[in-house]
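To start, the structure itself, in structure tokens.
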Amino acid sequence: MKFYSTKNAAEAFSLRDAVLKGLPDDKGLFLPEQVPVLPGSFFLSLQSKTLSEVAVEVSTAFLKGDVPEEDILRIATDAINFEAPLVKIGGKTAMLELFHGPTLAFKDFGARFMARLIAWLVKDSKQKTTILVATSGDTGSAVANGFYGVEGIDVVILYPSGMVSPLQEKQLTTLGKNITALEIKGTFDDCQRMVKEAFVDPELKSRRSLTSANSINISRLIPQSFYYFHAYAQTEPGTPVVFSVPSGNFGNLTAGILAKKMGLPVRKFVASTNANAIVPAYLQSGNFNPAPSVQTISNAMDVGNPSNFERLLQLHDRSVERMRKEISGYSFSDEQTREKMKAEYRSSGYILDPHGAVGLLGMEQYAVENGEDFFGIVLETAHPAKFKEVVEETLQIALPLPPALAEAASRKKNSVPLSKDFQKLKEFLLR
């Protein structure tokens with residue numbers, strides 16, 4: 001399979017180049033020249049397949065010819081060794097729980113798969129590879145866990161000081177070994193900008209082997225498509241399905257669009273955002289106006305200039321009308337988010353994290369505007385205990401920590417403070 005930059009469709013790149021470069025020199029984003037369409041036999045037997053089996057078949061469609069099939073089997077089954085159950089909370093609505101991996105967030109799908117694929121791609125390299133990643137919360141911990149102890153790879157994580165939850169910070173700053181956390185005095189958008197600048201800096205490119213683990217890297221999006229197929233397999237055959245996706249950098253929604261292009265029958269996607277309503281505003285006006293990110297209780301979605309918007313545009317032929325046919329967008333305040341968390345806990349006993357609450361609000365708003373002749377699947381992207389303070393304060397309950405989080409909470413934070421000046425990051429990487 002060949003890949004191209006969203007800024008220049010004429011030049012073709014190999015899988016190795018697309019994954020290890022992370023970002024094209026022209027600052028576009030990589031997409032496959034052709035999205036593989038899965039055969040009808042795959043969908044006929046989908047309900048009998050395990051999540052791991054889905055992972056193998058979907059990743060083979062992308063990687064076959066570049067990676068030996070026995071290695072694809074090993075990469076996919078080793079990476080996706082946990083479940084993603086669909087939990088009904090009402091007659092026509094269910095939460096797709098994506099927090100059963102080691103760091104209790106959906107980012108485990110992409111990070112674990114990517115870590116194993118990159119390790120395979122660089123196994124014969126004599127130069128160390130540095131993974132450079134910006135995080136607004138869960139990406140950092142998932143990447144740190146996925147790459148921890150991997151030979152020949154160092155990981156440098158940039159996160160905004162004071163803008164991730166305490167448990168998220170502990171997960172990404174306490175591992176040590178080949179993992180370094182840079183605590184940036186700025187916002188997530190500053191972290192993301194610094195990472196992008198690093199990838200196109202001539203001196204860094206000549207002296208360091210850099211790649212990204214953010215959703216700007218195409219190898220993050222491929223595994224994120226797995227759970228859309230698995231979720232659909234857990235519904236009644238023939239039922240129209242709508243997915244509501246809590247959205248920040250829009251990698252998760254882009255993966256859903258890829259799944260649909262691979263043949264998954266989806267009626268509509270709902271882009272559910274917090275106060276950082278850049279894409280819902282675009283869907284209304286047709287104008288894309290990035291803005292400084294606003295801090296909210298659903299911090300993983302605090303993104304004012306979502307990178308994957310460029311991919312969404314390209315996948316819809318750069319047409320707002322075509323995007324509107326596939327995606328509806330809504331935004332909600334912290335007050336609305338808290339009220340939804342309370343209401344759902346009272347009605348069903350289900351404990352939503354703030355991101356899942358935003359997703360459920362989006363699904364309900366879509367139903368109000370479009371009727372309810374569909375089954376709604378809301379992506380619950382993180383375990384509520386990762387936002388313990390917000391959940392406990394909102395619901396007035398004591399929320400026990402799962403063992404993985406309790407262990408992380410007991411470790412000592414170890415981060416390197418750094419300004420939001422790119423030159424400081426460059427100096428650090430060159431040292």
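We label chains A, B, ... in the order they appear in the structure tokens, count residues from 1 in each chain, and number ligands from 1 in the order shown.
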Which neighbours of range 78-94 of chain A fall inside 8 Å, counting only C-alpha atoms, when residues of the same chain fewer than 2 positions from it are skipped, and could you give them as an mmCIF file with N, CA and C atoms, in the first residue's frame?
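The result, written out as selection05.cif:
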```
data_model
loop_
_atom_site.group_PDB
_atom_site.id
_atom_site.type_symbol
_atom_site.label_atom_id
_atom_site.label_comp_id
_atom_site.auth_asym_id
_atom_site.auth_seq_id
_atom_site.Cartn_x
_atom_site.Cartn_y
_atom_site.Cartn_z
ATOM 1 N N LEU A 51 -12.669 -9.566 18.935
ATOM 2 C CA LEU A 51 -12.016 -8.287 18.645
ATOM 3 C C LEU A 51 -10.613 -8.514 18.090
ATOM 4 N N SER A 52 -9.906 -9.487 18.624
ATOM 5 C CA SER A 52 -8.557 -9.791 18.153
ATOM 6 C C SER A 52 -8.579 -10.266 16.705
ATOM 7 N N ALA A 55 -9.091 -7.342 14.505
ATOM 8 C CA ALA A 55 -7.837 -6.584 14.415
ATOM 9 C C ALA A 55 -6.904 -7.195 13.376
ATOM 10 N N ARG A 74 1.037 -11.536 14.804
ATOM 11 C CA ARG A 74 1.649 -11.336 16.129
ATOM 12 C C ARG A 74 1.430 -9.919 16.629
ATOM 13 N N ILE A 75 1.637 -8.921 15.761
ATOM 14 C CA ILE A 75 1.480 -7.519 16.161
ATOM 15 C C ILE A 75 0.047 -7.257 16.627
ATOM 16 N N ALA A 76 -0.930 -7.693 15.835
ATOM 17 C CA ALA A 76 -2.332 -7.396 16.142
ATOM 18 C C ALA A 76 -2.824 -8.129 17.391
ATOM 19 N N LEU A 96 -19.887 2.141 24.263
ATOM 20 C CA LEU A 96 -18.807 1.263 23.840
ATOM 21 C C LEU A 96 -17.616 1.532 24.743
ATOM 22 N N GLU A 97 -17.371 0.620 25.672
ATOM 23 C CA GLU A 97 -16.327 0.836 26.677
ATOM 24 C C GLU A 97 -14.953 0.523 26.096
ATOM 25 N N LEU A 98 -14.169 1.561 25.916
ATOM 26 C CA LEU A 98 -12.847 1.434 25.298
ATOM 27 C C LEU A 98 -11.734 1.580 26.331
ATOM 28 N N PHE A 99 -12.071 1.327 27.603
ATOM 29 C CA PHE A 99 -11.096 1.582 28.669
ATOM 30 C C PHE A 99 -10.634 0.306 29.375
ATOM 31 N N HIS A 100 -10.649 -0.806 28.675
ATOM 32 C CA HIS A 100 -10.257 -2.067 29.312
ATOM 33 C C HIS A 100 -8.814 -2.472 29.002
ATOM 34 N N GLY A 101 -8.044 -1.569 28.400
ATOM 35 C CA GLY A 101 -6.624 -1.797 28.170
ATOM 36 C C GLY A 101 -5.798 -1.407 29.380
ATOM 37 N N PHE A 109 -5.484 1.196 22.186
ATOM 38 C CA PHE A 109 -5.587 0.510 20.901
ATOM 39 C C PHE A 109 -4.499 1.005 19.950
ATOM 40 N N ARG A 112 -0.527 0.718 21.497
ATOM 41 C CA ARG A 112 0.057 -0.623 21.583
ATOM 42 C C ARG A 112 0.323 -1.194 20.184
ATOM 43 N N PHE A 113 -0.601 -0.988 19.268
ATOM 44 C CA PHE A 113 -0.407 -1.464 17.901
ATOM 45 C C PHE A 113 0.765 -0.733 17.251
ATOM 46 N N ARG A 116 4.293 -1.835 18.471
ATOM 47 C CA ARG A 116 4.753 -3.108 17.921
ATOM 48 C C ARG A 116 5.090 -3.001 16.437
ATOM 49 N N TYR A 227 -12.422 -1.112 16.657
ATOM 50 C CA TYR A 227 -13.552 -1.217 17.581
ATOM 51 C C TYR A 227 -14.865 -0.729 16.985
ATOM 52 N N HIS A 230 -16.131 -4.003 15.708
ATOM 53 C CA HIS A 230 -16.489 -4.864 16.842
ATOM 54 C C HIS A 230 -17.776 -4.383 17.498
ATOM 55 N N ALA A 231 -17.957 -3.074 17.587
ATOM 56 C CA ALA A 231 -19.183 -2.526 18.170
ATOM 57 C C ALA A 231 -20.395 -2.891 17.317
ATOM 58 N N GLN A 234 -21.832 -6.252 17.754
ATOM 59 C CA GLN A 234 -22.573 -6.497 18.991
ATOM 60 C C GLN A 234 -24.005 -5.948 18.939
ATOM 61 N N SER A 348 -29.816 5.150 35.400
ATOM 62 C CA SER A 348 -29.357 3.789 35.095
ATOM 63 C C SER A 348 -28.273 3.274 36.034
ATOM 64 N N TYR A 350 -25.255 4.074 35.688
ATOM 65 C CA TYR A 350 -24.001 4.034 34.917
ATOM 66 C C TYR A 350 -23.168 5.275 35.241
ATOM 67 N N PHE A 374 -32.896 4.372 15.065
ATOM 68 C CA PHE A 374 -31.524 3.883 14.920
ATOM 69 C C PHE A 374 -31.052 3.388 16.271
ATOM 70 N N PHE A 375 -29.928 2.665 16.259
ATOM 71 C CA PHE A 375 -29.272 2.270 17.506
ATOM 72 C C PHE A 375 -28.060 3.172 17.702
ATOM 73 N N GLY A 376 -27.987 3.831 18.845
ATOM 74 C CA GLY A 376 -26.907 4.782 19.112
ATOM 75 C C GLY A 376 -25.786 4.172 19.923
ATOM 76 N N ILE A 377 -24.566 4.289 19.415
ATOM 77 C CA ILE A 377 -23.378 3.798 20.124
ATOM 78 C C ILE A 377 -22.504 4.997 20.482
ATOM 79 N N VAL A 378 -22.299 5.191 21.772
ATOM 80 C CA VAL A 378 -21.481 6.302 22.275
ATOM 81 C C VAL A 378 -20.129 5.757 22.710
#
```
Can you pull out every residue within 7 Å of Tyr330 in chain A, counting only C-alpha atoms, but drop anything in the same chain fewer than 6 positions away, and send it as a PDB file with C-alpha atoms, in the first residue's frame?
```
ATOM      1  CA  ALA A 271     -18.837  14.808  16.511  1.00  0.00           C
ATOM      2  CA  SER A 272     -19.467  15.636  20.175  1.00  0.00           C
ATOM      3  CA  THR A 273     -17.202  18.342  21.581  1.00  0.00           C
ATOM      4  CA  PRO A 280     -19.227  21.830  14.951  1.00  0.00           C
ATOM      5  CA  GLY A 362     -24.346  14.590  21.333  1.00  0.00           C
TER       6      GLY A 362
END
```
Exercise for the section: Show which residues sit within 9 Å of Ala281 in chain A, as a PyMOL selection string. Count only C-alpha atoms, and ignore same-chain residues fewer than 5 positions away. Expected result: chain A and resi 286-289+329-331
Practice task
Using DSSP on the backbone, list every residue of range 148-357 of chain A that comes out as alpha helix (DSSP H), and give them as a PyMOL selection string.
Solution key: chain A and resi 166-173+188-200+202-207+218-224+226-233+251-261+278-285+309-315+320-326+334-348+354-357
Exercise for the section: Using DSSP on the backbone, list every residue of range 81-195 of chain A that comes out as strand (DSSP E), and give them as a PyMOL selection string. Expected result: chain A and resi 86-90+93-97+129-134+153-160+179-184
Exercise for the section: Considering only C-alpha atoms, return as a ChimeraX atom specification whatever protein or nucleic-acid residues lie within 6 Å of range 29-46 of chain A, sequence-local ones (same chain, fewer than 6 positions apart) excluded. Expected result: /A:2-6,23,233,262-263
Selected residues written out with C-alpha atoms, as a PDB file, in the first residue's frame:
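Listed below is the output, again-v1.pdb:
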```
ATOM      1  CA  LYS A   2       1.156   3.521  -0.799  1.00  0.00           C
ATOM      2  CA  PHE A   3       0.406   6.672   1.139  1.00  0.00           C
ATOM      3  CA  TYR A   4       0.194  10.329   0.124  1.00  0.00           C
ATOM      4  CA  SER A   5       0.267  13.712   1.836  1.00  0.00           C
ATOM      5  CA  THR A   6      -3.000  15.615   2.079  1.00  0.00           C
ATOM      6  CA  LEU A  23       4.468  13.976   9.232  1.00  0.00           C
ATOM      7  CA  ALA A 233     -20.976  -6.823  15.540  1.00  0.00           C
ATOM      8  CA  MET A 262     -13.850  -0.060   4.345  1.00  0.00           C
ATOM      9  CA  GLY A 263     -17.496  -1.138   4.132  1.00  0.00           C
TER      10      GLY A 263
END
```
Do you know which residues are at most 10 Å from Lys7 in chain A counting only C-alpha atoms, after dropping those on the same chain fewer than 6 positions away, and could you put them as a PDB file with N, CA and C atoms, in the first residue's frame?
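Ended up saving to result-v1.pdb:
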```
ATOM      1  N   PRO A  24       4.551  14.471   6.828  1.00  0.00           N
ATOM      2  CA  PRO A  24       5.259  14.807   5.585  1.00  0.00           C
ATOM      3  C   PRO A  24       5.973  16.155   5.708  1.00  0.00           C
ATOM      4  N   ASP A  25       6.973  16.354   4.868  1.00  0.00           N
ATOM      5  CA  ASP A  25       7.726  17.607   4.909  1.00  0.00           C
ATOM      6  C   ASP A  25       6.858  18.818   4.592  1.00  0.00           C
ATOM      7  N   ASP A  26       5.787  18.615   3.828  1.00  0.00           N
ATOM      8  CA  ASP A  26       4.925  19.735   3.445  1.00  0.00           C
ATOM      9  C   ASP A  26       3.883  20.064   4.512  1.00  0.00           C
ATOM     10  N   LYS A  27       3.980  19.402   5.692  1.00  0.00           N
ATOM     11  CA  LYS A  27       3.098  19.634   6.838  1.00  0.00           C
ATOM     12  C   LYS A  27       1.666  19.163   6.599  1.00  0.00           C
ATOM     13  N   GLY A  28       1.474  18.315   5.586  1.00  0.00           N
ATOM     14  CA  GLY A  28       0.180  17.664   5.438  1.00  0.00           C
ATOM     15  C   GLY A  28       0.100  16.486   6.385  1.00  0.00           C
ATOM     16  N   LEU A  29      -0.808  15.561   6.114  1.00  0.00           N
ATOM     17  CA  LEU A  29      -0.929  14.334   6.884  1.00  0.00           C
ATOM     18  C   LEU A  29      -1.045  13.161   5.914  1.00  0.00           C
ATOM     19  N   PHE A  30      -0.520  12.010   6.312  1.00  0.00           N
ATOM     20  CA  PHE A  30      -0.548  10.852   5.429  1.00  0.00           C
ATOM     21  C   PHE A  30      -1.924  10.184   5.431  1.00  0.00           C
ATOM     22  N   GLU A 310      -7.701  18.106   8.833  1.00  0.00           N
ATOM     23  CA  GLU A 310      -7.137  18.065   7.475  1.00  0.00           C
ATOM     24  C   GLU A 310      -7.462  16.724   6.805  1.00  0.00           C
ATOM     25  N   GLN A 314      -9.975  15.915   3.525  1.00  0.00           N
ATOM     26  CA  GLN A 314      -9.519  15.152   2.364  1.00  0.00           C
ATOM     27  C   GLN A 314     -10.427  13.946   2.099  1.00  0.00           C
TER      28      GLN A 314
END
```
Problem - Shell of 12 Å around Lys388 in chain A, only C-alpha atoms, local chain residues under 6 positions omitted, as a list in words - result: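 Once the nearby chain positions are removed, what remains is Ser165, Pro166, Leu167, Gln168, Ile297, Ile351, Leu352, Asp353, Pro354, Ala382, Thr394, Leu395, Gln396, Ile397, Ala398, Leu399, Pro400, Leu401, Pro402, Leu405, Ala406 and Ala409 of chain A.
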Handout entry: Residue nearest Pro417 in chain A among A:Gln365, A:Ser212, A:Asn299, A:Thr173 (counting only C-alpha atoms)
Key = A:Thr173
